[in-house]
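Each remark here refers to the structure printed beneath this line.
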Amino acid sequence: MAESSILERVQSQTIGLPELKPVAAVQKPPAGHWVGDGFPVRTIFAYDNAAPVSPFLLMDYAGPHQFSPAEQRRGVGEHPHRGFETVTIVYSGEVDHRDSGGGGGRIGPGDVQWMTAGSGVVHEEMHSDDYTRRGGAFEAIQLWVNLPKRLKMTAPRYQTLRAAGIPVVSLPEDAGSARVIAGEFGGAKGPAETFTPMAVWEISLKAGRGAIVPVTAGDNVSLFVLRGEARINGRTPAKHAEFVQFGSGGEVIRLDADSDALVLVLSGEPINEPVFGYGPFVMNTEDEIRAAISDYRSGRMGHLG
């Protein structure tokens, strides 16, 4: 069913209101660890247990953290990937990226980097020179997005999605707004080009307000609370850094903000294929992983100069 018709049914309170998508689990924030010396992360989910959130494979939440001014750039140096995409959303701080496929650039608050590793790239992710020298707050999310078997060896690609080019949709009754990174919401289409159907939205809600968020029937749906506190479907509380997974069925989720809140919503058509991951490689079989390791060691994924 089209998203607009769902919204119209809700707003007009017509007969046959859409069914709420049930909450399956609420996950408390896990313990953290460092990736390199620039990213203090909490791994919210990983590919060894990602079937309920497919096509997403992994989510690292970096920060919030305060870095002191420094001369030497922090970050994570040269490392490979194959078989999936990385999506980095920056909320504060700045990240410089470069890869062996020729992609690269700097992203800052509100920007998104969508890198298709595909057949294999080597890249690095470092704090920018300017941010290193001045220090300050750092907060970001990195998602890993799976590619189906037929596209695992697609050519690498790099998309820089600037904050100014990401559409923001006002929610009904002045409840807040939705930033549409991927997929469609409220008639706006996100700039991210994806290989399989998915949506990545940031829902910003004012304290005491609520919103109905339409989702595609049959998609896996989850959300992550970046700011404040929210109630899901009118009853389930979710706080900062908590992760909510939804069960099957239903066409909408209901979000109500107990305080000003920012929520990242992930949804997508599941990729119902085997997932075999090892470190920075995610393929379908162990033999494919062994081939990825061999290709990296032999230099066939390239190197950074």
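Within each chain, counting starts at residue 1; across the structure tokens, chains are named A, B, ... in the order shown, with ligands numbered 1 upward in that order.
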Q: Pick out the residues sitting within 10 Å of A:Lys149, and hand them over as a list in words; count only C-alpha atoms, and ignore anything fewer than 3 positions along from it in its own chain.
A: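 Here the answer would be Gly83, Asn146, Lys152, Met153, Thr154, Ile271, Glu273, Pro274, Val275, Met283 and Asn284 of chain A.
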Q: Would you mind listing what lies within 10 Å of A:Asp174 as a PyMOL selection string, with only C-alpha atoms counted and same-chain residues fewer than 2 positions away left out?
A: chain A and resi 170-172+176-177+205-206+209-211
Q: Looking only at helix (DSSP H, G or I) from DSSP on the backbone, list the matching residues of stretch 70-199 of chain A as a VMD selection string.
A: chain A and resid 129 to 134 149 to 151 163 to 165 172 to 174
(Q) Report, in Å to a single decimal, how far apart atom CA of A:Pro109 and atom CA of A:Ser259 are. (A) 22.3 Å
Q.
Residues within 6 Å of A:Asp99, please, as a ChimeraX atom specification. Count only C-alpha atoms; anything in the same chain fewer than 2 positions from it doesn't count.
A. /A:101-103,122-123
Could you write out the selected residues, including N, CA, C and O atoms, as a PDB file, in the first residue's frame?
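Produced file result-v5.pdb, reproduced below:
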ATOM      1  N   GLY A 101      39.651   2.502  -4.552  1.00  0.00           N
ATOM      2  CA  GLY A 101      38.857   2.654  -5.766  1.00  0.00           C
ATOM      3  C   GLY A 101      38.808   4.080  -6.275  1.00  0.00           C
ATOM      4  O   GLY A 101      38.150   4.364  -7.280  1.00  0.00           O
ATOM      5  N   GLY A 102      39.479   4.996  -5.566  1.00  0.00           N
ATOM      6  CA  GLY A 102      39.489   6.387  -5.973  1.00  0.00           C
ATOM      7  C   GLY A 102      38.453   7.243  -5.291  1.00  0.00           C
ATOM      8  O   GLY A 102      38.385   8.456  -5.523  1.00  0.00           O
ATOM      9  N   GLY A 103      37.609   6.645  -4.444  1.00  0.00           N
ATOM     10  CA  GLY A 103      36.613   7.411  -3.714  1.00  0.00           C
ATOM     11  C   GLY A 103      37.234   8.114  -2.525  1.00  0.00           C
ATOM     12  O   GLY A 103      38.286   7.711  -2.022  1.00  0.00           O
ATOM     13  N   VAL A 122      40.255  -1.172  -0.327  1.00  0.00           N
ATOM     14  CA  VAL A 122      41.023  -0.869   0.875  1.00  0.00           C
ATOM     15  C   VAL A 122      40.792   0.610   1.158  1.00  0.00           C
ATOM     16  O   VAL A 122      40.848   1.442   0.246  1.00  0.00           O
ATOM     17  N   HIS A 123      40.482   0.942   2.411  1.00  0.00           N
ATOM     18  CA  HIS A 123      40.239   2.355   2.712  1.00  0.00           C
ATOM     19  C   HIS A 123      40.723   2.692   4.114  1.00  0.00           C
ATOM     20  O   HIS A 123      41.100   1.826   4.899  1.00  0.00           O
TER      21      HIS A 123
END
Q.
I need the residue nearest A:Glu202 from this list: A:Leu262, A:Ala175, A:Met301, A:Ala62. Use only C-alpha atoms for the distance.
A.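 For A:Glu202, the nearest of the given residues is A:Leu262.
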